Amino acid sequence: MNEEFLTFINSCIAGDSQSWNDFFSKYGSLATKTLNRYFSKLSSDEKDDIIQNILVKLLNNGLKNFKGTTKYEFLAYFKQITIREASSYVRSTKHRKEEISIDQEIDFDDGNVHSAPDLVDNTFRPDKAAEIRNLLEKTQAKLSIEDWRILIYKIQEYTDKEIADMLGIPMGTVASRYNRIKIKPDIKKIFTAILLLIIFGRK
C-alpha cells in the first residue's frame, strides 16, 4: 500500500501528466473539504483561487518537501499546506471575521508579528477607537510572538483545534497558553479596560 502510494507521488514529482491529473482530481476535492471546514466564510471563487495556488506550489517542486512514507502522513501534510495557504490568503486580502480584523498580517515565514488586531468599526467614537488600539499595542508588547498569535486567533473566534492546525502546535498547548495569558495581572487589567471601552465607547 505504502509502496504504491510512494510510486504515485514519485510519478507526480517526475512530471507524469496522468499522475498529476489524478492528483488534482483527488486532492483538489480534499482541499475543498478542508476549506469548507475551516474557512467557510470564503466564497467559492476564493476557495478555488486558494486551491489553485496550492496545486501550483506543489507542482513547482513543493511536493518534494514531503518527507513521509504513508498516505496518512501525506493527508496530514496536505491539510497543513491547505490551512497555511488559506491563512496567508485571508491575511493578504484583509478579510474580516465578524467585525474583527488584523491591520497587517502575521508572517508565518519570518515569525514576526507586524501589527495589533483592530477590534473597532465605525460605530465607535474615534477617541475610544484610538484608546482600544493603544491598549492592544501595549498587550502585544507584553507577549511572546506565539502567545500573541494565539490571542489574535482566539479574539477572532477560531477554535483551539483550528489554531493548533494553523500554528503547528498541539491543541492542549493552545488551551493552556491561552489560559495563562488570561490570568496575567497586567493583561487582565488591559482587557478589562478594553471591554469597558467597547461597552461605553460606541456612538
# chains A, B, ... in the order shown; residues from 1 in each chain; ligands from 1
$ residues_around --residues "segment 48-61 of chain A" --least-positions-apart "5" --cutoff "10 Å" --atoms "only C-alpha atoms" --output "list in words"
Cys12, Ile13, Ala14, Gly15, Trp20, Phe23, Phe24, Tyr27, Gly28, Ser29, Leu30, Ala31, Thr32, Leu35, Leu42, Ser43, Phe66, Phe78, Ile81, Thr82, Ile83, Arg84, Glu85, Ala86, Ser87, Ser88, Tyr89 and Val90 of chain A
$ write_last_selection --atoms "N, CA and C atoms" --output "PDB file, in the first residue's frame"
ATOM      1  N   CYS A  12       4.302  11.866  -9.824  1.00  0.00           N
ATOM      2  CA  CYS A  12       3.930  13.286  -9.886  1.00  0.00           C
ATOM      3  C   CYS A  12       5.184  14.154  -9.897  1.00  0.00           C
ATOM      4  N   ILE A  13       6.115  13.849  -8.995  1.00  0.00           N
ATOM      5  CA  ILE A  13       7.361  14.618  -8.906  1.00  0.00           C
ATOM      6  C   ILE A  13       8.129  14.555 -10.223  1.00  0.00           C
ATOM      7  N   ALA A  14       8.066  13.386 -10.867  1.00  0.00           N
ATOM      8  CA  ALA A  14       8.772  13.199 -12.142  1.00  0.00           C
ATOM      9  C   ALA A  14       8.085  13.929 -13.291  1.00  0.00           C
ATOM     10  N   GLY A  15       6.870  14.447 -13.042  1.00  0.00           N
ATOM     11  CA  GLY A  15       6.181  15.220 -14.065  1.00  0.00           C
ATOM     12  C   GLY A  15       5.242  14.433 -14.944  1.00  0.00           C
ATOM     13  N   TRP A  20      -0.440  13.621 -12.398  1.00  0.00           N
ATOM     14  CA  TRP A  20      -0.850  14.939 -11.909  1.00  0.00           C
ATOM     15  C   TRP A  20      -2.347  15.155 -12.075  1.00  0.00           C
ATOM     16  N   PHE A  23      -3.852  13.413  -9.310  1.00  0.00           N
ATOM     17  CA  PHE A  23      -3.573  14.138  -8.068  1.00  0.00           C
ATOM     18  C   PHE A  23      -4.513  15.330  -7.921  1.00  0.00           C
ATOM     19  N   PHE A  24      -4.653  16.119  -8.990  1.00  0.00           N
ATOM     20  CA  PHE A  24      -5.527  17.287  -8.946  1.00  0.00           C
ATOM     21  C   PHE A  24      -6.966  16.890  -8.640  1.00  0.00           C
ATOM     22  N   TYR A  27      -6.953  15.330  -4.707  1.00  0.00           N
ATOM     23  CA  TYR A  27      -6.578  16.221  -3.608  1.00  0.00           C
ATOM     24  C   TYR A  27      -7.194  17.609  -3.735  1.00  0.00           C
ATOM     25  N   GLY A  28      -7.656  17.948  -4.921  1.00  0.00           N
ATOM     26  CA  GLY A  28      -8.422  19.189  -5.060  1.00  0.00           C
ATOM     27  C   GLY A  28      -9.706  19.122  -4.261  1.00  0.00           C
ATOM     28  N   SER A  29     -10.380  17.980  -4.315  1.00  0.00           N
ATOM     29  CA  SER A  29     -11.623  17.817  -3.548  1.00  0.00           C
ATOM     30  C   SER A  29     -11.344  17.769  -2.050  1.00  0.00           C
ATOM     31  N   LEU A  30     -10.195  17.216  -1.657  1.00  0.00           N
ATOM     32  CA  LEU A  30      -9.822  17.202  -0.242  1.00  0.00           C
ATOM     33  C   LEU A  30      -9.564  18.618   0.264  1.00  0.00           C
ATOM     34  N   ALA A  31      -8.895  19.431  -0.560  1.00  0.00           N
ATOM     35  CA  ALA A  31      -8.652  20.826  -0.191  1.00  0.00           C
ATOM     36  C   ALA A  31      -9.966  21.577  -0.030  1.00  0.00           C
ATOM     37  N   THR A  32     -10.920  21.304  -0.914  1.00  0.00           N
ATOM     38  CA  THR A  32     -12.238  21.945  -0.819  1.00  0.00           C
ATOM     39  C   THR A  32     -12.911  21.608   0.508  1.00  0.00           C
ATOM     40  N   LEU A  35     -11.202  23.529   3.327  1.00  0.00           N
ATOM     41  CA  LEU A  35     -11.570  24.946   3.313  1.00  0.00           C
ATOM     42  C   LEU A  35     -13.009  25.157   3.782  1.00  0.00           C
ATOM     43  N   LEU A  42     -15.303  32.084   3.270  1.00  0.00           N
ATOM     44  CA  LEU A  42     -14.757  32.444   1.968  1.00  0.00           C
ATOM     45  C   LEU A  42     -15.735  32.042   0.867  1.00  0.00           C
ATOM     46  N   SER A  43     -15.733  32.799  -0.216  1.00  0.00           N
ATOM     47  CA  SER A  43     -16.609  32.477  -1.336  1.00  0.00           C
ATOM     48  C   SER A  43     -16.051  31.285  -2.106  1.00  0.00           C
ATOM     49  N   PHE A  66       7.666  16.841   0.902  1.00  0.00           N
ATOM     50  CA  PHE A  66       7.020  15.798   1.706  1.00  0.00           C
ATOM     51  C   PHE A  66       8.054  14.729   2.046  1.00  0.00           C
ATOM     52  N   PHE A  78      -0.786  17.545   3.554  1.00  0.00           N
ATOM     53  CA  PHE A  78      -1.580  18.308   2.593  1.00  0.00           C
ATOM     54  C   PHE A  78      -2.578  19.213   3.308  1.00  0.00           C
ATOM     55  N   ILE A  81      -0.734  22.248   4.582  1.00  0.00           N
ATOM     56  CA  ILE A  81      -0.456  23.170   3.484  1.00  0.00           C
ATOM     57  C   ILE A  81      -1.706  23.975   3.125  1.00  0.00           C
ATOM     58  N   THR A  82      -2.846  23.292   3.075  1.00  0.00           N
ATOM     59  CA  THR A  82      -4.106  23.953   2.725  1.00  0.00           C
ATOM     60  C   THR A  82      -4.457  25.036   3.735  1.00  0.00           C
ATOM     61  N   ILE A  83      -4.340  24.716   5.001  1.00  0.00           N
ATOM     62  CA  ILE A  83      -4.685  25.684   6.050  1.00  0.00           C
ATOM     63  C   ILE A  83      -3.729  26.876   6.028  1.00  0.00           C
ATOM     64  N   ARG A  84      -2.452  26.603   5.835  1.00  0.00           N
ATOM     65  CA  ARG A  84      -1.484  27.699   5.795  1.00  0.00           C
ATOM     66  C   ARG A  84      -1.699  28.606   4.585  1.00  0.00           C
ATOM     67  N   GLU A  85      -1.972  28.001   3.439  1.00  0.00           N
ATOM     68  CA  GLU A  85      -2.195  28.790   2.232  1.00  0.00           C
ATOM     69  C   GLU A  85      -3.456  29.643   2.384  1.00  0.00           C
ATOM     70  N   ALA A  86      -4.508  29.065   2.960  1.00  0.00           N
ATOM     71  CA  ALA A  86      -5.747  29.816   3.180  1.00  0.00           C
ATOM     72  C   ALA A  86      -5.531  30.935   4.185  1.00  0.00           C
ATOM     73  N   SER A  87      -4.780  30.658   5.252  1.00  0.00           N
ATOM     74  CA  SER A  87      -4.491  31.687   6.256  1.00  0.00           C
ATOM     75  C   SER A  87      -3.725  32.846   5.635  1.00  0.00           C
ATOM     76  N   SER A  88      -2.759  32.515   4.798  1.00  0.00           N
ATOM     77  CA  SER A  88      -1.985  33.540   4.109  1.00  0.00           C
ATOM     78  C   SER A  88      -2.881  34.357   3.178  1.00  0.00           C
ATOM     79  N   TYR A  89      -3.784  33.680   2.488  1.00  0.00           N
ATOM     80  CA  TYR A  89      -4.711  34.366   1.573  1.00  0.00           C
ATOM     81  C   TYR A  89      -5.616  35.318   2.345  1.00  0.00           C
ATOM     82  N   VAL A  90      -6.150  34.850   3.467  1.00  0.00           N
ATOM     83  CA  VAL A  90      -7.046  35.680   4.271  1.00  0.00           C
ATOM     84  C   VAL A  90      -6.315  36.909   4.776  1.00  0.00           C
TER      85      VAL A  90
END
$ select_by_dssp --residues "segment 10-200 of chain A" --states "helix (DSSP H, G or I)" --output "MDAnalysis selection string"
chainID A and resid 10:13 17:38 44:59 62:65 71:92 126:141 145:155 160:167 171:183 185:200
$ select_by_dssp --residues "chain A" --states "strand (DSSP E)" --output "MDAnalysis selection string"
chainID A and resid 101:102 117:118
$ residues_around --residues "Tyr178 of chain A" --least-positions-apart "2" --cutoff "8 Å" --atoms "only C-alpha atoms" --output "ChimeraX atom specification"
/A:147,150-151,174-176,180-182
$ closest_residue --among "A:Phe39, A:Asn2, A:Ile163, A:Ile9" --to "Gly62 of chain A" --atoms "only C-alpha atoms"
A:Ile9
$ closest_residue --among "A:Ile152, A:Met171, A:Ala193, A:Met166" --to "Glu131 of chain A" --atoms "only C-alpha atoms"
A:Ala193
